[in-house]
>>> print(open('query.csv').read())   # CSV, C-alpha atoms
chain,number,residue,atom,x,y,z
D,11,THR,CA,29.0,-43.5,110.8
D,12,GLU,CA,31.3,-42.0,108.2
D,13,ASN,CA,35.0,-43.1,107.9
D,14,THR,CA,36.0,-44.0,111.5
D,15,ASP,CA,37.0,-47.5,112.3
D,16,ILE,CA,35.8,-48.9,115.6
D,17,THR,CA,37.8,-51.3,117.6
D,18,PRO,CA,36.1,-54.6,118.7
D,19,SER,CA,36.4,-53.7,122.4
D,20,THR,CA,34.7,-50.3,121.8
D,21,LEU,CA,32.0,-51.9,119.7
D,22,ASP,CA,31.3,-54.4,122.5
D,23,MET,CA,31.2,-51.7,125.1
D,24,VAL,CA,28.7,-49.6,123.0
D,25,CYS,CA,26.4,-52.6,122.4
D,26,GLU,CA,26.6,-53.8,126.0
D,27,ASN,CA,25.5,-50.4,127.2
D,28,ALA,CA,22.8,-49.7,124.6
D,29,GLU,CA,20.2,-48.9,127.1
D,30,MET,CA,22.1,-45.7,128.0
D,31,VAL,CA,20.6,-44.1,124.9
D,32,PHE,CA,17.4,-43.6,127.0
D,33,ARG,CA,19.3,-41.4,129.4
D,34,MET,CA,19.8,-38.8,126.7
D,35,ASP,CA,17.7,-35.7,126.5
D,36,LYS,CA,15.0,-36.3,123.9
D,37,GLU,CA,16.1,-33.4,121.6
D,38,LYS,CA,19.7,-34.7,121.8
D,39,PHE,CA,18.5,-38.3,121.0
D,40,HIS,CA,16.5,-37.1,118.0
D,41,SER,CA,19.4,-34.9,116.7
D,42,GLU,CA,22.0,-37.7,117.0
D,43,PHE,CA,19.7,-40.4,115.5
D,44,ARG,CA,19.0,-38.1,112.6
D,45,LYS,CA,22.7,-37.5,112.0
D,46,MET,CA,23.3,-41.3,112.1
D,47,LEU,CA,20.5,-42.1,109.7
D,48,MET,CA,21.7,-39.5,107.2
D,49,GLY,CA,25.3,-40.7,107.3
D,50,ARG,CA,26.9,-42.1,104.1
D,51,ARG,CA,27.7,-45.4,105.8
D,52,ILE,CA,24.4,-45.9,107.4
D,53,THR,CA,23.9,-49.5,106.2
D,54,ASP,CA,27.2,-50.5,108.0
D,55,ALA,CA,26.1,-48.6,111.1
D,56,LEU,CA,22.6,-50.3,111.1
D,57,MET,CA,24.2,-53.7,110.8
D,58,VAL,CA,27.1,-53.2,113.2
D,59,PHE,CA,25.1,-51.5,115.9
D,60,ARG,CA,22.1,-53.8,115.8
D,61,PRO,CA,22.0,-54.2,119.6
D,62,VAL,CA,21.6,-50.5,119.9
D,63,ILE,CA,19.0,-50.2,117.2
D,64,PHE,CA,17.0,-53.1,118.7
D,65,THR,CA,17.2,-51.5,122.1
D,66,ILE,CA,15.7,-48.3,120.7
D,67,PHE,CA,13.2,-50.2,118.5
D,68,PRO,CA,12.6,-53.7,120.0
D,69,LYS,CA,10.1,-54.7,117.3
D,70,LEU,CA,12.8,-54.4,114.7
D,71,ALA,CA,14.7,-57.2,116.5
D,72,GLU,CA,12.1,-59.6,115.2
D,73,THR,CA,13.1,-58.8,111.6
D,74,ASP,CA,16.7,-59.7,112.2
D,75,GLY,CA,17.5,-62.9,110.2
D,76,PHE,CA,13.9,-63.3,109.1
D,77,ASP,CA,13.9,-65.2,105.8
D,78,GLN,CA,11.4,-63.6,103.5
D,79,HIS,CA,11.0,-66.8,101.4
D,80,SER,CA,10.6,-64.7,98.2
D,81,ALA,CA,12.2,-65.1,94.8
D,82,VAL,CA,12.6,-61.3,94.6
D,83,GLN,CA,14.2,-60.9,98.1
D,84,GLU,CA,17.9,-61.9,98.4
D,85,TYR,CA,18.4,-60.7,101.9
D,86,PRO,CA,16.8,-61.4,105.4
D,87,LEU,CA,14.3,-58.7,106.3
D,88,TYR,CA,16.4,-56.5,108.6
D,89,GLU,CA,19.4,-56.6,106.3
D,90,HIS,CA,17.1,-55.6,103.4
D,91,ALA,CA,15.8,-52.6,105.3
D,92,ALA,CA,19.4,-51.6,106.3
D,93,ARG,CA,20.5,-51.8,102.6
D,94,ALA,CA,17.4,-49.9,101.5
D,95,VAL,CA,18.2,-47.1,103.9
D,96,GLY,CA,21.7,-46.9,102.5
D,97,TYR,CA,20.5,-46.7,98.9
D,98,ALA,CA,18.1,-43.9,99.7
D,99,VAL,CA,18.6,-40.3,98.9
D,100,PRO,CA,19.3,-38.2,102.0
D,101,GLU,CA,15.7,-37.4,102.8
D,102,TYR,CA,15.1,-38.1,106.5
D,103,SER,CA,11.4,-39.1,106.2
D,104,VAL,CA,12.3,-41.5,103.3
D,105,ARG,CA,15.2,-43.2,105.2
D,106,LEU,CA,13.1,-43.4,108.4
D,107,ALA,CA,10.2,-45.0,106.5
D,108,LEU,CA,12.6,-47.5,104.8
D,109,LEU,CA,13.9,-48.6,108.2
D,110,PHE,CA,10.3,-49.6,109.2
D,111,HIS,CA,8.7,-50.4,105.9
D,112,GLY,CA,8.9,-54.2,106.4
D,113,ILE,CA,8.2,-54.3,110.1
D,114,GLY,CA,4.5,-55.4,109.5
D,115,LYS,CA,5.6,-58.6,107.6
D,116,ILE,CA,6.4,-60.3,110.9
D,117,ASP,CA,2.7,-60.3,111.8
D,118,CYS,CA,1.3,-60.8,108.3
D,119,TYR,CA,3.2,-63.5,106.6
D,120,SER,CA,1.4,-66.6,105.3
D,121,ASP,CA,3.2,-69.7,103.9
D,122,ARG,CA,1.9,-70.5,100.4
D,123,GLY,CA,3.9,-73.7,100.0
D,124,GLY,CA,7.5,-72.6,99.6
D,125,TYR,CA,7.0,-68.8,99.4
D,126,TYR,CA,5.4,-66.3,101.7
D,127,SER,CA,2.8,-63.7,101.0
D,128,TYR,CA,2.4,-60.6,103.2
D,129,ASP,CA,-1.2,-59.3,102.7
D,130,GLY,CA,-1.9,-56.3,104.9
D,131,HIS,CA,1.7,-55.7,105.9
D,132,GLY,CA,1.6,-52.1,104.8
D,133,GLU,CA,-1.3,-51.3,107.1
D,134,ARG,CA,0.2,-53.3,110.0
D,135,GLY,CA,3.6,-51.6,109.5
D,136,ALA,CA,2.0,-48.2,109.4
D,137,MET,CA,0.2,-48.9,112.7
D,138,LEU,CA,3.4,-50.2,114.4
D,139,THR,CA,5.5,-47.3,113.0
D,140,ARG,CA,3.0,-44.7,114.4
D,141,GLN,CA,3.1,-46.3,117.8
D,142,ILE,CA,6.9,-46.6,117.9
D,143,LEU,CA,7.6,-43.1,116.8
D,144,THR,CA,4.9,-41.5,118.9
D,145,ASP,CA,6.1,-43.3,122.0
D,146,LEU,CA,9.6,-42.0,121.3
D,147,GLN,CA,8.2,-38.5,120.9
D,148,PHE,CA,9.3,-38.0,117.3
D,149,PRO,CA,7.8,-34.7,115.9
D,150,ALA,CA,4.1,-35.2,114.9
D,151,GLU,CA,4.5,-34.0,111.3
D,152,LEU,CA,7.4,-36.3,110.7
D,153,VAL,CA,5.4,-39.2,112.2
D,154,ARG,CA,2.5,-38.4,109.9
D,155,GLN,CA,4.8,-38.4,106.8
D,156,VAL,CA,6.7,-41.6,107.7
D,157,VAL,CA,3.4,-43.5,108.5
D,158,PHE,CA,2.0,-42.4,105.1
D,159,LEU,CA,5.1,-43.6,103.3
D,160,VAL,CA,5.1,-47.0,105.1
D,161,LEU,CA,1.4,-47.4,104.4
D,162,HIS,CA,1.8,-46.8,100.7
D,163,HIS,CA,5.3,-48.0,100.0
D,164,ASP,CA,4.1,-50.9,97.8
D,165,ASP,CA,1.8,-48.7,95.6
D,166,ASP,CA,2.6,-49.4,92.0
D,167,ILE,CA,3.3,-45.9,90.8
D,168,ASN,CA,4.7,-45.8,87.2
D,169,GLU,CA,4.9,-43.7,84.1
D,170,SER,CA,1.3,-44.5,83.0
D,171,ASN,CA,-0.4,-43.7,86.3
D,172,TYR,CA,1.7,-41.3,88.3
D,173,THR,CA,-0.4,-38.3,87.4
D,174,SER,CA,-3.5,-39.8,89.0
D,175,TYR,CA,-1.5,-40.7,92.1
D,176,THR,CA,-0.2,-37.1,92.1
D,177,ALA,CA,-3.8,-35.8,92.0
D,178,GLU,CA,-4.7,-38.0,94.9
D,179,TYR,CA,-1.7,-37.8,97.2
D,180,GLY,CA,0.0,-34.6,96.0
D,181,ALA,CA,3.3,-34.2,94.1
D,182,ASP,CA,5.5,-34.1,97.2
D,183,ASN,CA,4.1,-37.4,98.6
D,184,VAL,CA,4.4,-39.1,95.2
D,185,ARG,CA,8.0,-37.9,94.8
D,186,LEU,CA,8.9,-39.3,98.2
D,187,LEU,CA,7.1,-42.6,97.5
D,188,LEU,CA,9.0,-43.0,94.3
D,189,LEU,CA,12.4,-42.3,96.0
D,190,MET,CA,11.5,-44.8,98.7
D,191,ARG,CA,10.5,-47.5,96.1
D,192,SER,CA,13.7,-46.8,94.2
D,193,ALA,CA,15.8,-47.7,97.2
D,194,ASP,CA,13.5,-50.6,98.2
D,195,VAL,CA,13.8,-52.2,94.8
D,196,ARG,CA,17.6,-51.7,94.6
D,197,ALA,CA,18.0,-53.4,98.0
D,198,LYS,CA,16.0,-56.6,97.0
D,199,ARG,CA,18.7,-58.3,94.9
D,200,THR,CA,22.2,-57.8,93.4
D,201,ASP,CA,20.8,-57.9,89.9
D,202,ARG,CA,21.2,-55.4,87.0
D,203,ARG,CA,17.4,-55.5,86.3
D,204,TYR,CA,16.7,-54.3,89.8
D,205,GLU,CA,19.3,-51.6,89.6
D,206,GLN,CA,17.8,-50.4,86.3
D,207,CYS,CA,14.3,-50.4,87.8
D,208,SER,CA,15.6,-48.3,90.7
D,209,LEU,CA,17.1,-45.8,88.3
D,210,ASP,CA,13.9,-45.6,86.4
D,211,LEU,CA,11.9,-44.9,89.6
D,212,ARG,CA,14.5,-42.2,90.5
D,213,SER,CA,14.0,-40.6,87.0
D,214,LEU,CA,10.3,-40.6,87.4
D,215,ALA,CA,10.6,-38.9,90.8
D,216,ASP,CA,12.6,-36.2,88.9
D,217,GLU,CA,9.8,-35.8,86.5
D,218,VAL,CA,7.3,-35.4,89.3
D,219,THR,CA,9.6,-32.7,90.8
D,220,LYS,CA,9.8,-30.9,87.5
D,221,GLY,CA,6.1,-31.0,87.1
D,222,ARG,CA,5.6,-29.7,90.7
D,223,ASN,CA,8.0,-26.9,90.1
D,224,GLU,CA,6.4,-25.9,86.8
D,225,THR,CA,2.9,-25.9,88.5
D,226,ALA,CA,4.3,-23.7,91.3
D,227,ARG,CA,5.8,-21.3,88.7
D,228,ARG,CA,2.5,-21.0,86.8
D,229,ASN,CA,0.6,-20.5,90.1
D,230,ALA,CA,3.1,-17.8,91.1
D,231,VAL,CA,2.7,-16.0,87.8
D,232,THR,CA,-1.1,-16.2,88.0
D,233,PHE,CA,-1.1,-14.9,91.6
D,234,SER,CA,1.2,-12.0,90.6
D,235,ASP,CA,-1.1,-11.2,87.7
D,236,LEU,CA,-4.2,-11.2,89.9
D,237,LYS,CA,-2.5,-8.8,92.4
D,238,LYS,CA,-1.5,-6.5,89.6
D,239,LEU,CA,-5.1,-6.5,88.2
D,240,ALA,CA,-6.4,-5.8,91.7
D,241,ARG,CA,-4.1,-2.8,92.1
D,242,ASN,CA,-5.1,-1.5,88.6
D,243,LEU,CA,-8.8,-1.8,89.6
D,244,GLY,CA,-8.1,-0.1,92.9
D,245,LEU,CA,-9.2,-3.1,94.9
>>> encode(input="query.csv", output="structure tokens")
Amino acid sequence: TENTDITPSTLDMVCENAEMVFRMDKEKFHSEFRKMLMGRRITDALMVFRPVIFTIFPKLAETDGFDQHSAVQEYPLYEHAARAVGYAVPEYSVRLALLFHGIGKIDCYSDRGGYYSYDGHGERGAMLTRQILTDLQFPAELVRQVVFLVLHHDDDINESNYTSYTAEYGADNVRLLLLMRSADVRAKRTDRRYEQCSLDLRSLADEVTKGRNETARRNAVTFSDLKKLARNLGL
């Protein structure tokens, strides 16, 4: 998935024998899949090796070529997801969530006369993601994190409300959601406005990180002071 060119015959052989992935030891499968998803050329890998990806995750095959019928979506659904994964920072839970974030749209779209709406696709996507990852024995904590991100990936977190979201979800979760939305927005269209919005969301994620670190520093100081006071009091 980095800089190695693959001959057409090798590519055909890999895709024709995609089911062999299930003969791998589970730990080996998870390790290799993680390395692939964290690769620099992951978008290319997800597009070129679609037969393999769809063998592992059959529900994703339904998103291939799916026209989203939206003015803000330039690409078919699976290609959008592949591009979003490629634009994402190298955080495994974020990239895994981006791979699945649109999977619920297949079951939730409704034609509004020329464009589609997708009410409830976050909830449906979260349910499907939990089932898929659990069946493949992904670690339980990773499944919990990815399902949360898929469920909330469309939350409109911005400069005016991120503190309230942080209070509700926790700083780490808000940071991951912002990083996810940054990649999601960037993958919608080749348009400077979307690129700028993506950068703004990344900057906001940095602000959340700084706020989290400052809170941790203050808490550490307070805890240290309390321990010192306890020692002085002989407690």
>>> closest_residue(input="query.csv", among="D:Ser41, D:Thr200, D:Thr53, D:Gln83", to="Leu108 (chain D)", atoms="only C-alpha atoms")
D:Thr53
>>> residues_around(input="query.csv", residues="Phe110 (chain D)", least_positions_apart="5", cutoff="12 Å", atoms="only C-alpha atoms", output="VMD selection string")
chain D and resid 63 67 to 73 87 to 92 94 to 95 103 to 105 115 to 116 131 to 143 153 156 to 161 163 190 194
>>> atom_distance(input="query.csv", atom1="CA of Phe64 (chain D)", atom2="CA of Leu152 (chain D)")
20.9 Å
>>> closest_residue(input="query.csv", among="D:Pro61, D:Asp77, D:Ala193, D:Phe43", to="Leu209 (chain D)", atoms="all atoms listed in the file")
D:Ala193
>>> atom_distance(input="query.csv", atom1="CA of Gly130 (chain D)", atom2="CA of Asp165 (chain D)")
12.6 Å
>>> closest_residue(input="query.csv", among="D:Leu106, D:Ile113, D:Asp182, D:Leu188", to="Ser213 (chain D)", atoms="only C-alpha atoms")
D:Leu188
>>> residues_around(input="query.csv", residues="Met46 (chain D)", least_positions_apart="2", cutoff="12 Å", atoms="all atoms listed in the file", output="mmCIF file with C-alpha atoms, in the frame of the given file")
data_model
loop_
_atom_site.group_PDB
_atom_site.id
_atom_site.type_symbol
_atom_site.label_atom_id
_atom_site.label_comp_id
_atom_site.auth_asym_id
_atom_site.auth_seq_id
_atom_site.Cartn_x
_atom_site.Cartn_y
_atom_site.Cartn_z
ATOM 1 C CA THR D 11 29.000 -43.500 110.800
ATOM 2 C CA GLU D 12 31.300 -42.000 108.200
ATOM 3 C CA PHE D 39 18.500 -38.300 121.000
ATOM 4 C CA HIS D 40 16.500 -37.100 118.000
ATOM 5 C CA SER D 41 19.400 -34.900 116.700
ATOM 6 C CA GLU D 42 22.000 -37.700 117.000
ATOM 7 C CA PHE D 43 19.700 -40.400 115.500
ATOM 8 C CA ARG D 44 19.000 -38.100 112.600
ATOM 9 C CA MET D 48 21.700 -39.500 107.200
ATOM 10 C CA GLY D 49 25.300 -40.700 107.300
ATOM 11 C CA ARG D 50 26.900 -42.100 104.100
ATOM 12 C CA ARG D 51 27.700 -45.400 105.800
ATOM 13 C CA ILE D 52 24.400 -45.900 107.400
ATOM 14 C CA THR D 53 23.900 -49.500 106.200
ATOM 15 C CA ASP D 54 27.200 -50.500 108.000
ATOM 16 C CA ALA D 55 26.100 -48.600 111.100
ATOM 17 C CA LEU D 56 22.600 -50.300 111.100
ATOM 18 C CA PHE D 59 25.100 -51.500 115.900
ATOM 19 C CA ILE D 63 19.000 -50.200 117.200
ATOM 20 C CA VAL D 95 18.200 -47.100 103.900
ATOM 21 C CA GLY D 96 21.700 -46.900 102.500
ATOM 22 C CA PRO D 100 19.300 -38.200 102.000
ATOM 23 C CA TYR D 102 15.100 -38.100 106.500
ATOM 24 C CA ARG D 105 15.200 -43.200 105.200
ATOM 25 C CA LEU D 106 13.100 -43.400 108.400
#
>>> closest_residue(input="query.csv", among="D:Glu217, D:Glu29, D:Glu37, D:Asp117", to="Glu169 (chain D)", atoms="only C-alpha atoms")
D:Glu217
>>> residues_around(input="query.csv", residues="Arg122 (chain D)", least_positions_apart="6", cutoff="12 Å", atoms="all atoms listed in the file", output="VMD selection string")
chain D and resid 79 to 80 128 to 129
>>> atom_distance(input="query.csv", atom1="CA of Tyr126 (chain D)", atom2="CA of Ala107 (chain D)")
22.4 Å
>>> closest_residue(input="query.csv", among="D:Thr219, D:Leu211, D:Asp121, D:Ile66", to="Met34 (chain D)", atoms="all atoms listed in the file")
D:Ile66
>>> closest_residue(input="query.csv", among="D:Leu214, D:Tyr179, D:Lys198, D:Glu205", to="Val82 (chain D)", atoms="only C-alpha atoms")
D:Lys198
